[in-house]
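A.B. asks: First, the structure itself, so that you have it in front of you.
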Amino acid sequence: MGKLNGKTAIVTGASRGIGAEIAKYLAKEGARVIVNYSGSQSKAEEVVKEIEAFGGEALAVQASVSDADSVTALISATMEHFGSIDILVNNAGITRDNLIMRMKENEWDDVINTNLKGVFLCTKAVTRQMMKQRAGRIVNIASIVGVSGNAGQANYVAAKAGVIGLTKTTAKELASRNINVNAIAPGFISTEMTADLPEEVKAQMLTQIPLAKLGNPEDVAKAVIFLASDDSNYITGQTLHVDGGMVM
Amino acid sequence: MTTVVERVTKVVVDRLGVDESEVKLEASFRDDLGADSLDVVELVMEFEDEFDMEISDEDAEKIGTVGDAVTYIESKQG
Ligand SMILES: NC(=O)c1ccc[n+]([C@@H]2O[C@H](COP(=O)([O-])OP(=O)(O)OC[C@H]3O[C@@H](n4cnc5c(N)ncnc54)[C@H](OP(=O)(O)O)[C@@H]3O)[C@@H](O)[C@H]2O)c1
C-alpha cells in the first residue's frame with residue numbers, strides 16, 4: 001500500500017529533472033499524477049509511460065504556469081480526469097542568470113513570472129477545490145539560494161525568497177481548512193539546470209557542502225513524499241533544506 | 001418551489017452553523033453571523049454551486065449581507 005493511495009497530485013514542470021522524479025515518486029506511492037509541462041510534450045509523455053509501466057496512473061497536460069487562463073485549463077483538466085486535487089507541487093522553474101548590472105528587464109520578468117507568479121496562480125487555482133475538500137497539501141520547490149542569496153541570480157533569488165514568504169502566508173491563510181503548505185529548498189541537485197556549470201565551479205561548490213556531494217532529484221522527491229503524506233500532518237509553513245548541509 | 005431567500009438561508013445555516021432565526025436579510029456575514037473572511041469566500045463558492053452561476057471576484061466583494069446575496073442572485077437569475 002502506498003502512502004498516497006487514492007490521492008490526486010499535480011506536479012508543474014514535470015517533464016524533466018526534479019519534477020519528473022517527483023511525479024514518479026508520487027505515482028509509486030499510489031497517487032494519480034498530472035504531469036504538467038510547458039514545451040516538452042514528448043518528454044512529458046515519456047514520464048507518463050514510465051509511470052504506467054509500473055502500474056501507476058498519470059496524464060500529461062500542457063500549461064504555462066505564468067498564464068492565468070492556462071492554469072485554469074490545467075485545473076479543469078485535472079478535475080475532469082481525476083475528480084479531485086489533493087496535492088499540488090509547484091516545481092516549474094527557470095533561470096536567466098546575470099549580474100544585476102547586466103540583467104535585462106525581460107530576464108527579471110521571465111523568472112519572476114514563472115518562478116513566483118506561477119506559484120501564486122497555481123495555488124490560487126487549487127485552493128477552491130482543496131477548501132471544499134477540507135484537505136490538501138501544497139509543496140513549493142524553492143531553492144537554498146532564496147535563503148542565502150547568490151551573486152548572478154538576483155531575479156531567481158528574489159523569486160525563490162518570494163516563494164518562501166508566499167508559502168508561510170498561504171499556510172496561515174489555509175490552515176483552518178486543513179491545507180498544509182510547505183516549501184523545499186534544494187541545494188545543488190544534478191539536473192540539466194546544473195549540468196552546464198563549468199567543472200571548477202562545481203569543485204568550488206563541493207567545498208561549501210558538508211556532505212561533499214551533489215544531490216539527486218530523488219533526494220528532493222523523497223522530501224516531497226514526506227510533505228505530501230500523513231507523515232507530516234503537524235508541519236506547515238516550513239522550508240525544508242535538502243542541500244547536504246550547505247545552509248544551516 | 002423554494003425561494004432564493006430560503007435556499008440562501010439554508011446555505012448560510014449549514015456553512016456557518018448559525019440558527020435560522022439569525023439569518024435576516026440585513027444580517028452581515030462578518031459582523032452578525034461570525035464569519036471570517038475565508039468563510040465569506042466559501043459562502044460565495046457555495047452560492048455558485050447552489051445556484052449554478054459564476055460570481056466574479058469584484059461582485060463577490062460587494063456581497064456583505066444576506067440581503068446582498070439574495071438581491072445579487074435574483075438579479076442574475078433574471
Ligand atoms: N537543479 C537544481 O540544482 C535546483 C536547485 C534548487 C532549486 N531547484 C528548483 O527545482 C525546480 C526544478 O528544477 P530542475 O533543475 O528540475 O529544472 P529543469 O530540469 O530545467 O526542468 C524545468 C521544468 O520546468 C518546466 N517549466 C519551465 N517553465 C514552465 C512554465 N512556464 N510552465 C510550466 N512548466 C514550465 C519545464 O517544462 P518544459 O520541459 O516543457 O520546458 C521543465 O519540466 C525549479 O523550480 C528549480 O528552481 C533546482
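In the C-alpha cells, chains take letters A, B, ... by order of appearance, with residues numbered from 1 within each chain and ligands from 1 in the order shown.
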For chain A, which residues have at least one atom within 9 Å of chain B, if we go by only C-alpha atoms? Write them as a JSON list (two decimals) with N, CA and C atoms, in the first residue's frame, please.

C.D. replies:
[["chain", "number", "residue", "atom", "x", "y", "z"],
["A", 128, "ARG", "N", -9.69, 26.57, -4.21],
["A", 128, "ARG", "CA", -11.14, 26.38, -4.18],
["A", 128, "ARG", "C", -11.49, 24.91, -3.92],
["A", 131, "MET", "N", -10.27, 23.73, -0.45],
["A", 131, "MET", "CA", -11.12, 24.24, 0.64],
["A", 131, "MET", "C", -12.39, 23.43, 0.75],
["A", 132, "LYS", "N", -12.96, 23.10, -0.40],
["A", 132, "LYS", "CA", -14.18, 22.28, -0.40],
["A", 132, "LYS", "C", -13.92, 20.93, 0.20],
["A", 173, "GLU", "N", -3.14, 31.32, 5.86],
["A", 173, "GLU", "CA", -4.50, 31.56, 5.36],
["A", 173, "GLU", "C", -5.32, 30.27, 5.30],
["A", 174, "LEU", "N", -4.68, 29.15, 5.01],
["A", 174, "LEU", "CA", -5.45, 27.94, 4.73],
["A", 174, "LEU", "C", -5.39, 26.90, 5.85]]

A.B. asks: Tell me which protein, DNA and RNA residues are within 9 Å of Val8 of chain B, counting only C-alpha atoms, leaving out same-chain ones fewer than 3 positions away, and put them as a list of chain:residue names.

C.D. replies: B:Thr3, B:Val4, B:Val5, B:Val11, B:Val12, B:Val13, B:Phe47, B:Glu50, B:Val66, B:Ala69, B:Val70

A.B. asks: Please identify all polymer residues within 9 Å of Ile138 of chain A, counting only C-alpha atoms, omitting same-chain residues fewer than 2 positions from it, and present them as a ChimeraX atom specification.

C.D. replies: /A:86-90,123,136,140,167,171,179-183,227-228

A.B. asks: Using only C-alpha atoms, which protein or nucleic acid residues come within 10 Å of Gly244 of chain A? Drop anything in the same chain fewer than 4 positions from it, and give the result as a short mmCIF file (atom, residue, chain, number, x, y, z; two decimals) with N, CA and C atoms, in the first residue's frame.

C.D. replies:
data_model
loop_
_atom_site.label_atom_id
_atom_site.label_comp_id
_atom_site.auth_asym_id
_atom_site.auth_seq_id
_atom_site.Cartn_x
_atom_site.Cartn_y
_atom_site.Cartn_z
N PRO A 186 16.01 23.06 -2.23
CA PRO A 186 17.12 22.19 -2.65
C PRO A 186 18.41 23.00 -2.78
N GLY A 187 19.51 22.33 -2.52
CA GLY A 187 20.82 22.93 -2.80
C GLY A 187 21.20 22.61 -4.23
N PHE A 188 22.43 22.11 -4.43
CA PHE A 188 22.84 21.76 -5.79
C PHE A 188 22.41 20.34 -6.12
N ILE A 189 21.49 20.24 -7.05
CA ILE A 189 20.94 18.94 -7.46
C ILE A 189 21.39 18.70 -8.89
N LEU A 206 31.39 22.16 -4.20
CA LEU A 206 31.51 21.00 -3.31
C LEU A 206 32.18 21.37 -1.98
N GLN A 208 31.61 23.86 -0.33
CA GLN A 208 30.61 24.51 0.51
C GLN A 208 29.59 23.52 1.09
N ILE A 209 29.68 22.27 0.66
CA ILE A 209 28.64 21.31 1.04
C ILE A 209 29.22 20.32 2.06
N PRO A 210 28.77 20.40 3.32
CA PRO A 210 29.29 19.47 4.34
C PRO A 210 29.21 18.00 3.91
N LEU A 211 28.16 17.60 3.26
CA LEU A 211 28.07 16.19 2.84
C LEU A 211 28.90 15.91 1.59
N ALA A 212 29.55 16.96 1.05
CA ALA A 212 30.56 16.84 -0.01
C ALA A 212 30.12 16.10 -1.27
N LYS A 213 28.85 16.26 -1.65
CA LYS A 213 28.41 15.72 -2.94
C LYS A 213 27.17 16.48 -3.40
N LEU A 214 26.91 16.40 -4.70
CA LEU A 214 25.67 16.99 -5.21
C LEU A 214 24.50 16.10 -4.82
N GLY A 215 23.31 16.69 -4.76
CA GLY A 215 22.12 15.88 -4.50
C GLY A 215 21.56 15.34 -5.80
N ASP A 219 16.47 12.79 -4.06
CA ASP A 219 16.57 13.33 -2.70
C ASP A 219 15.45 14.35 -2.46
N MET A 248 22.73 26.29 7.13
CA MET A 248 22.13 25.83 8.39
C MET A 248 21.66 27.02 9.22
#

A.B. asks: Report as a PyMOL selection string which protein, DNA and RNA residues come within 8 Å of ligand 1, using only C-alpha atoms and all ligand atoms.

C.D. replies: chain A and resi 12-20+36-41+43-44+62-67+90-95+113-115+118+141-145+156+160+185-194+215+217

A.B. asks: DSSP on the backbone: what in segment 15-195 of chain A comes out strand (DSSP E or B), as number ranges by chain?

C.D. replies: A: 32-37, 57-62, 87-90, 98, 136-141, 153, 179-186, 189

A.B. asks: Since we have the selection now, will you write its residues out, keeping N, CA, C and O atoms, as a CSV table (one decimal), in the first residue's frame?

C.D. replies:
chain,number,residue,atom,x,y,z
A,32,ARG,N,-2.5,9.5,-8.3
A,32,ARG,CA,-2.7,9.7,-9.8
A,32,ARG,C,-2.1,11.1,-10.0
A,32,ARG,O,-2.3,12.0,-9.3
A,33,VAL,N,-1.3,11.1,-11.1
A,33,VAL,CA,-0.4,12.3,-11.2
A,33,VAL,C,-0.7,13.1,-12.6
A,33,VAL,O,-0.7,12.4,-13.6
A,34,ILE,N,-0.9,14.4,-12.5
A,34,ILE,CA,-0.9,15.2,-13.6
A,34,ILE,C,0.6,15.7,-13.9
A,34,ILE,O,1.2,16.3,-13.0
A,35,VAL,N,1.1,15.3,-15.0
A,35,VAL,CA,2.5,15.6,-15.4
A,35,VAL,C,2.4,16.9,-16.3
A,35,VAL,O,2.2,16.8,-17.5
A,36,ASN,N,2.6,18.0,-15.6
A,36,ASN,CA,2.5,19.3,-16.4
A,36,ASN,C,3.8,19.6,-17.1
A,36,ASN,O,4.8,19.3,-16.6
A,37,TYR,N,3.7,20.2,-18.3
A,37,TYR,CA,4.9,20.7,-19.0
A,37,TYR,C,4.6,21.9,-19.7
A,37,TYR,O,3.4,22.3,-19.9
A,57,GLU,N,-0.8,5.7,-12.5
A,57,GLU,CA,-1.8,6.4,-13.3
A,57,GLU,C,-1.3,7.8,-13.5
A,57,GLU,O,-1.0,8.5,-12.5
A,58,ALA,N,-1.2,8.3,-14.7
A,58,ALA,CA,-0.7,9.7,-14.9
A,58,ALA,C,-1.2,10.2,-16.3
A,58,ALA,O,-1.7,9.5,-17.1
A,59,LEU,N,-1.2,11.6,-16.4
A,59,LEU,CA,-1.7,12.2,-17.6
A,59,LEU,C,-0.8,13.4,-17.8
A,59,LEU,O,-0.6,14.2,-16.9
A,60,ALA,N,-0.3,13.6,-19.0
A,60,ALA,CA,0.5,14.8,-19.4
A,60,ALA,C,-0.5,16.0,-19.8
A,60,ALA,O,-1.4,15.7,-20.6
A,61,VAL,N,-0.3,17.1,-19.2
A,61,VAL,CA,-1.1,18.3,-19.6
A,61,VAL,C,-0.3,19.5,-19.8
A,61,VAL,O,0.5,19.9,-18.9
A,62,GLN,N,-0.4,20.1,-20.9
A,62,GLN,CA,0.4,21.3,-21.3
A,62,GLN,C,-0.3,22.5,-20.6
A,62,GLN,O,-1.5,22.7,-20.6
A,87,ILE,N,-3.0,17.2,-3.9
A,87,ILE,CA,-1.6,17.6,-3.7
A,87,ILE,C,-1.2,18.5,-4.9
A,87,ILE,O,-1.5,18.1,-6.1
A,88,LEU,N,-0.6,19.6,-4.6
A,88,LEU,CA,-0.1,20.5,-5.7
A,88,LEU,C,1.4,20.6,-5.4
A,88,LEU,O,1.8,21.0,-4.3
A,89,VAL,N,2.3,20.3,-6.3
A,89,VAL,CA,3.7,20.5,-6.2
A,89,VAL,C,4.1,21.6,-7.2
A,89,VAL,O,4.1,21.4,-8.4
A,90,ASN,N,4.4,22.8,-6.7
A,90,ASN,CA,4.8,23.9,-7.6
A,90,ASN,C,6.3,23.7,-7.8
A,90,ASN,O,7.1,24.1,-7.0
A,98,ASN,N,22.3,36.5,-14.5
A,98,ASN,CA,23.1,37.6,-15.0
A,98,ASN,C,23.5,38.5,-13.7
A,98,ASN,O,22.7,38.4,-12.7
A,136,GLY,N,-5.8,19.2,1.9
A,136,GLY,CA,-4.9,19.4,0.8
A,136,GLY,C,-3.5,19.6,1.2
A,136,GLY,O,-3.2,19.9,2.4
A,137,ARG,N,-2.6,19.4,0.3
A,137,ARG,CA,-1.2,19.6,0.5
A,137,ARG,C,-0.6,20.4,-0.6
A,137,ARG,O,-0.8,20.1,-1.8
A,138,ILE,N,0.1,21.5,-0.3
A,138,ILE,CA,0.9,22.2,-1.3
A,138,ILE,C,2.3,22.2,-0.9
A,138,ILE,O,2.7,22.5,0.2
A,139,VAL,N,3.2,21.8,-1.9
A,139,VAL,CA,4.6,21.8,-1.7
A,139,VAL,C,5.2,22.6,-2.7
A,139,VAL,O,5.1,22.4,-3.9
A,140,ASN,N,5.9,23.7,-2.3
A,140,ASN,CA,6.6,24.6,-3.2
A,140,ASN,C,8.1,24.3,-3.3
A,140,ASN,O,8.7,24.3,-2.3
A,141,ILE,N,8.6,24.2,-4.5
A,141,ILE,CA,10.0,23.9,-4.7
A,141,ILE,C,10.7,25.3,-4.8
A,141,ILE,O,10.6,26.0,-5.8
A,153,GLN,N,22.3,35.8,-9.6
A,153,GLN,CA,21.0,35.3,-9.7
A,153,GLN,C,19.9,36.1,-9.0
A,153,GLN,O,19.0,35.6,-8.4
A,179,ILE,N,-5.3,22.6,5.2
A,179,ILE,CA,-4.5,22.5,4.0
A,179,ILE,C,-3.1,22.9,4.5
A,179,ILE,O,-2.9,24.0,5.0
A,180,ASN,N,-2.1,22.0,4.4
A,180,ASN,CA,-0.7,22.2,4.8
A,180,ASN,C,0.1,22.7,3.6
A,180,ASN,O,0.0,22.1,2.5
A,181,VAL,N,0.9,23.7,3.9
A,181,VAL,CA,1.7,24.3,2.8
A,181,VAL,C,3.1,24.4,3.3
A,181,VAL,O,3.4,25.1,4.3
A,182,ASN,N,4.0,23.8,2.6
A,182,ASN,CA,5.4,23.8,2.9
A,182,ASN,C,6.3,24.0,1.7
A,182,ASN,O,5.8,23.8,0.6
A,183,ALA,N,7.5,24.4,1.9
A,183,ALA,CA,8.5,24.6,0.8
A,183,ALA,C,9.7,23.6,1.0
A,183,ALA,O,10.0,23.2,2.2
A,184,ILE,N,10.3,23.3,-0.1
A,184,ILE,CA,11.6,22.6,0.0
A,184,ILE,C,12.6,23.5,-0.7
A,184,ILE,O,12.4,24.1,-1.7
A,185,ALA,N,13.8,23.6,0.0
A,185,ALA,CA,14.8,24.4,-0.6
A,185,ALA,C,16.0,23.5,-1.0
A,185,ALA,O,16.8,23.2,-0.1
A,186,PRO,N,16.0,23.1,-2.2
A,186,PRO,CA,17.1,22.2,-2.6
A,186,PRO,C,18.4,23.0,-2.8
A,186,PRO,O,18.4,24.2,-3.1
A,189,ILE,N,21.5,20.2,-7.1
A,189,ILE,CA,20.9,18.9,-7.5
A,189,ILE,C,21.4,18.7,-8.9
A,189,ILE,O,21.3,19.6,-9.7
